[in-house]
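Enquirer: Contents of input_2.txt (compact mmCIF, C-alpha atoms):
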```txt
# COMPACT_ATOMS: atom_id res chain seq x y z
CA MET L 1 4.67 0.63 -21.10
CA ALA L 2 4.79 -2.46 -18.93
CA THR L 3 7.71 -3.29 -16.71
CA ALA L 4 8.79 -6.74 -15.64
CA GLN L 5 7.93 -7.60 -12.07
CA ARG L 6 10.91 -8.81 -10.14
CA GLU L 7 10.80 -11.66 -7.67
CA ASN L 8 11.03 -9.35 -4.66
CA THR L 9 8.39 -6.83 -5.84
CA LEU L 10 5.11 -6.63 -3.96
CA ILE L 11 2.26 -4.56 -5.38
CA LEU L 12 -0.48 -3.45 -2.98
CA LYS L 13 -3.61 -1.98 -4.51
CA ILE L 14 -5.24 0.08 -1.80
CA GLY L 15 -8.31 1.54 -3.54
CA LYS L 16 -10.13 4.79 -2.79
CA HIS L 17 -9.24 6.98 0.19
CA LYS L 18 -9.81 10.50 1.38
CA LYS L 19 -7.35 13.23 0.45
CA ASP L 20 -6.31 13.70 4.10
CA ASP L 21 -5.48 9.99 4.39
CA ILE L 22 -3.40 10.15 1.20
CA ASP L 23 -1.56 13.21 2.48
CA ASP L 24 -0.82 11.37 5.74
CA LEU L 25 0.55 8.41 3.77
CA ARG L 26 2.95 10.73 1.97
CA ASP L 27 4.24 11.77 5.41
CA GLY L 28 4.63 8.14 6.50
CA GLU L 29 1.74 8.12 8.96
CA GLY L 30 -2.02 7.68 9.20
CA ARG L 31 -4.65 5.04 8.48
CA ILE L 32 -3.37 3.85 5.11
CA PHE L 33 0.21 3.61 6.40
CA LYS L 34 -0.92 1.51 9.37
CA LYS L 35 -2.99 -0.74 7.10
CA ILE L 36 -0.03 -1.32 4.78
CA GLU L 37 2.27 -1.98 7.73
CA TYR L 38 -0.21 -4.53 9.12
CA VAL L 39 -0.51 -6.36 5.77
CA LEU L 40 3.27 -6.50 5.33
CA GLU L 41 3.76 -7.86 8.89
CA LYS L 42 1.13 -10.56 8.30
CA LEU L 43 2.76 -11.61 5.02
CA GLN L 44 6.19 -11.79 6.65
CA ALA L 45 4.87 -13.77 9.62
CA SER L 46 3.24 -16.30 7.29
CA GLY L 47 6.45 -16.69 5.27
CA GLN L 48 4.92 -15.41 2.03
CA LEU L 49 7.30 -12.45 1.84
CA SER L 50 11.06 -12.56 1.39
CA GLU L 51 13.47 -10.50 3.49
CA ASN L 52 14.39 -8.12 0.66
CA TYR L 53 10.95 -7.29 -0.73
CA GLN L 54 10.20 -4.00 -2.49
CA PRO L 55 6.63 -2.78 -1.84
CA ILE L 56 4.85 -0.68 -4.44
CA ILE L 57 1.74 1.10 -3.17
CA VAL L 58 -1.02 2.00 -5.66
CA ILE L 59 -3.93 4.25 -4.76
CA THR L 60 -6.37 4.08 -7.62
CA LYS L 61 -8.42 7.22 -7.02
CA LYS L 62 -9.04 9.89 -4.42
CA LYS L 63 -12.30 9.29 -2.64
CA ASN L 64 -14.80 12.13 -3.02
CA GLU L 65 -15.96 13.66 0.23
CA LYS L 66 -19.55 12.90 -0.86
CA ASP L 67 -18.84 9.15 -1.20
CA TRP L 68 -19.85 7.16 1.86
```
What would the structure in this file look like if it were written as structure tokens?
Expert:
Amino acid sequence: MATAQRENTLILKIGKHKKDDIDDLRDGEGRIFKKIEYVLEKLQASGQLSENYQPIIVITKKKNEKDW
């Protein structure tokens, strides 16, 4: 079921990451959290992001420990 995207919705597709990094994101810390924070700051500084945006973070798949 598809939902309509509102004007203030921002969808960030992050990709594959290690389980530990995903767990850190759930706690509001770590590599992924810092990366998201950096992207959002850059978008705000460039004026491409409104004041009342709603970010939606999507992690597509856990990265296997064997993947390099």
Enquirer: Using all atoms listed in the file for the distances, tell me which of L:Gly28, L:Ile36, L:Lys66, L:Ala45 is nearest to Ile14 (chain L).
Expert: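 For Ile14 (chain L), the nearest of the candidates is L:Ile36.
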Enquirer: Taking into account only C-alpha atoms, which residue in the set L:Val39, L:Ile59, L:Arg31, L:Asn64 is nearest to Gly15 (chain L)?
Expert: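 Going through L:Val39, L:Ile59, L:Arg31, L:Asn64 one by one, the smallest distance to Gly15 (chain L) is for L:Ile59.
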Enquirer: Please report the interatomic distance between CA of Leu43 (chain L) and CA of Asp23 (chain L) in Å with one decimal.
Expert: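 These two atoms are separated by 25.3 Å.
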Enquirer: So which residues are close to (5.2, -1.7, -5.6), meaning at most 10 Å away in the file's coordinates with only C-alpha atoms counted, and can you show them as a list in words?
Expert: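 Residues with an atom close enough to that point: Gln5, Asn8, Thr9, Leu10, Ile11, Leu12, Lys13, Tyr53, Gln54, Pro55, Ile56, Ile57 and Val58 of chain L.
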Enquirer: CA of Gly47 (chain L) and CA of Asp21 (chain L) are how many Å apart?
Expert: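 Separation of CA of Gly47 (chain L) and CA of Asp21 (chain L): 29.2 Å.
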Enquirer: Around all listed atoms of region 21-37 of chain L, padded 6 Å per side, what centre and edge lengths does the axis-aligned box have in Å to one decimal, as lines of an AutoDock Vina configuration file?
Expert:
```
center_x = -0.4
center_y = 5.6
center_z = 5.3
size_x = 22.1
size_y = 27.2
size_z = 20.2
```
Enquirer: Grab the CA of Gln44 (chain L) to CA of Gly30 (chain L) distance for me, in Å with one decimal place.
Expert: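 We find that CA of Gln44 (chain L) and CA of Gly30 (chain L) lie 21.3 Å from each other.
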